[in-house]
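Visitor: Quick one: the structure is below, and I'll ask about it shortly.
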Amino acid sequence: MQMTNPMLKRGAKLKNKRHFRRSLWAIAGGTALLLGLIGIPLPLLPTTPFLLLAAFCFSQSSEKLHNWLMTHPKLSPPIKDWQRHGAISFKAKFMAAISMGAALLISFLLGAPLYIILTQIVVLLCVSVFLFTRPSPPKN
């Protein structure tokens, strides 16, 4: 009869649990990255918040994916601006304002109920205040 060390079983369970958790973080990061990439050509879908979320998720799941994202020549600048300065570029602010206006206009044109439109106005005003009170990144 073979005896099994309970500590080995416990270690294997913890390793499986960590692997499962890291896999969930990687899936969440991949999903956020995909949404961010879709948001590049679509003005109604914000890119930067999804890139920030992807960077966080990848930092919890995969050093390789996190390093890839943080060194990507096109995707890393808005993440680094936020991390270093809490800054959002003027272009991102402008696109966000256009997107928010378009979303509100679409709701109005589709005949959304007044309480929905008023709720959108309140939420979008709060988002706008946050967005436009963030500094722009310093010039390089």
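Order determines the names: the first chain of the structure tokens is A, the second B, and so forth; residues in each chain are numbered 1 upward, and ligands are numbered 1 upward as they are shown.
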Any idea what's packed within 12 Å of Trp68 (chain A), counting only C-alpha atoms, ignoring anything in its chain fewer than 4 positions away? Could you give it as a PyMOL selection string?

Guide: chain A and resi 33+54-55+58-59+62-64+72-76

Visitor: Using only C-alpha atoms, which residues sit within 12 Å of Leu125 (chain A) once same-chain residues fewer than 3 positions away are excluded, as a PyMOL selection string?

Guide: chain A and resi 96-97+100-101+104+118-122+128-132

Visitor: Could the residues in this selection be saved with N, CA and C atoms as a CSV table (one decimal), in the first residue's frame?

Guide:
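Result saved to result_25.csv:
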```csv
chain,number,residue,atom,x,y,z
A,96,ALA,N,-13.4,60.6,-27.0
A,96,ALA,CA,-14.4,60.2,-26.0
A,96,ALA,C,-15.6,61.1,-26.0
A,97,ALA,N,-15.3,62.4,-26.1
A,97,ALA,CA,-16.4,63.4,-26.2
A,97,ALA,C,-17.3,63.1,-27.4
A,100,MET,N,-19.4,60.0,-26.7
A,100,MET,CA,-20.5,60.2,-25.7
A,100,MET,C,-21.6,61.0,-26.3
A,101,GLY,N,-21.3,62.0,-27.1
A,101,GLY,CA,-22.3,62.7,-27.8
A,101,GLY,C,-23.1,61.8,-28.8
A,104,LEU,N,-25.4,59.5,-26.9
A,104,LEU,CA,-26.6,60.2,-26.5
A,104,LEU,C,-27.6,60.5,-27.6
A,118,LEU,N,-32.1,60.9,-19.5
A,118,LEU,CA,-31.6,61.7,-18.4
A,118,LEU,C,-30.6,61.0,-17.6
A,119,THR,N,-30.7,59.7,-17.4
A,119,THR,CA,-29.7,58.9,-16.8
A,119,THR,C,-28.3,59.0,-17.6
A,120,GLN,N,-28.5,58.8,-18.9
A,120,GLN,CA,-27.3,58.9,-19.7
A,120,GLN,C,-26.6,60.3,-19.6
A,121,ILE,N,-27.4,61.3,-19.6
A,121,ILE,CA,-26.8,62.7,-19.5
A,121,ILE,C,-26.1,62.8,-18.1
A,122,VAL,N,-26.6,62.4,-17.0
A,122,VAL,CA,-26.0,62.5,-15.7
A,122,VAL,C,-24.7,61.7,-15.7
A,128,SER,N,-17.4,63.0,-18.2
A,128,SER,CA,-16.8,64.1,-18.9
A,128,SER,C,-16.0,65.0,-17.9
A,129,VAL,N,-16.6,65.2,-16.7
A,129,VAL,CA,-15.9,65.9,-15.7
A,129,VAL,C,-14.6,65.2,-15.3
A,130,PHE,N,-14.7,63.9,-15.1
A,130,PHE,CA,-13.5,63.1,-14.8
A,130,PHE,C,-12.5,63.2,-15.9
A,131,LEU,N,-12.9,63.0,-17.1
A,131,LEU,CA,-12.0,62.9,-18.3
A,131,LEU,C,-11.3,64.3,-18.5
A,132,PHE,N,-12.1,65.4,-18.5
A,132,PHE,CA,-11.5,66.6,-18.8
A,132,PHE,C,-10.8,67.3,-17.7
```

Visitor: With only C-alpha atoms as the basis for distance, which of A:Ala87, A:Leu37, A:Leu110, A:Cys57 is at the shortest distance from Arg22 (chain A)?

Guide: A:Cys57

Visitor: Residues of chain A classed as alpha helix (DSSP H) by DSSP on the backbone are to be reported as a ChimeraX atom specification.

Guide: /A:6-39,48-61,63-71,76-85,90-109,114-132

Visitor: For Gln60 (chain A), please output as a VMD selection string all residues within 12 Å (counting only C-alpha atoms; exclusion window: fewer than 6 positions along the same chain).

Guide: chain A and resid 18 to 29 53 to 54 66 to 67

Visitor: If I take CA of Ser107 (chain A) and CA of Val123 (chain A), how far is one from the other in Å, to one decimal?

Guide: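 So the two atoms, CA of Ser107 (chain A) and CA of Val123 (chain A), lie 13.7 Å apart.
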
Visitor: I'd like the interatomic distance between CA of Leu45 (chain A) and CA of Ser99 (chain A), to a tenth of an Å.

Guide: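 Taking CA of Leu45 (chain A) and CA of Ser99 (chain A), their separation equals 7.5 Å.
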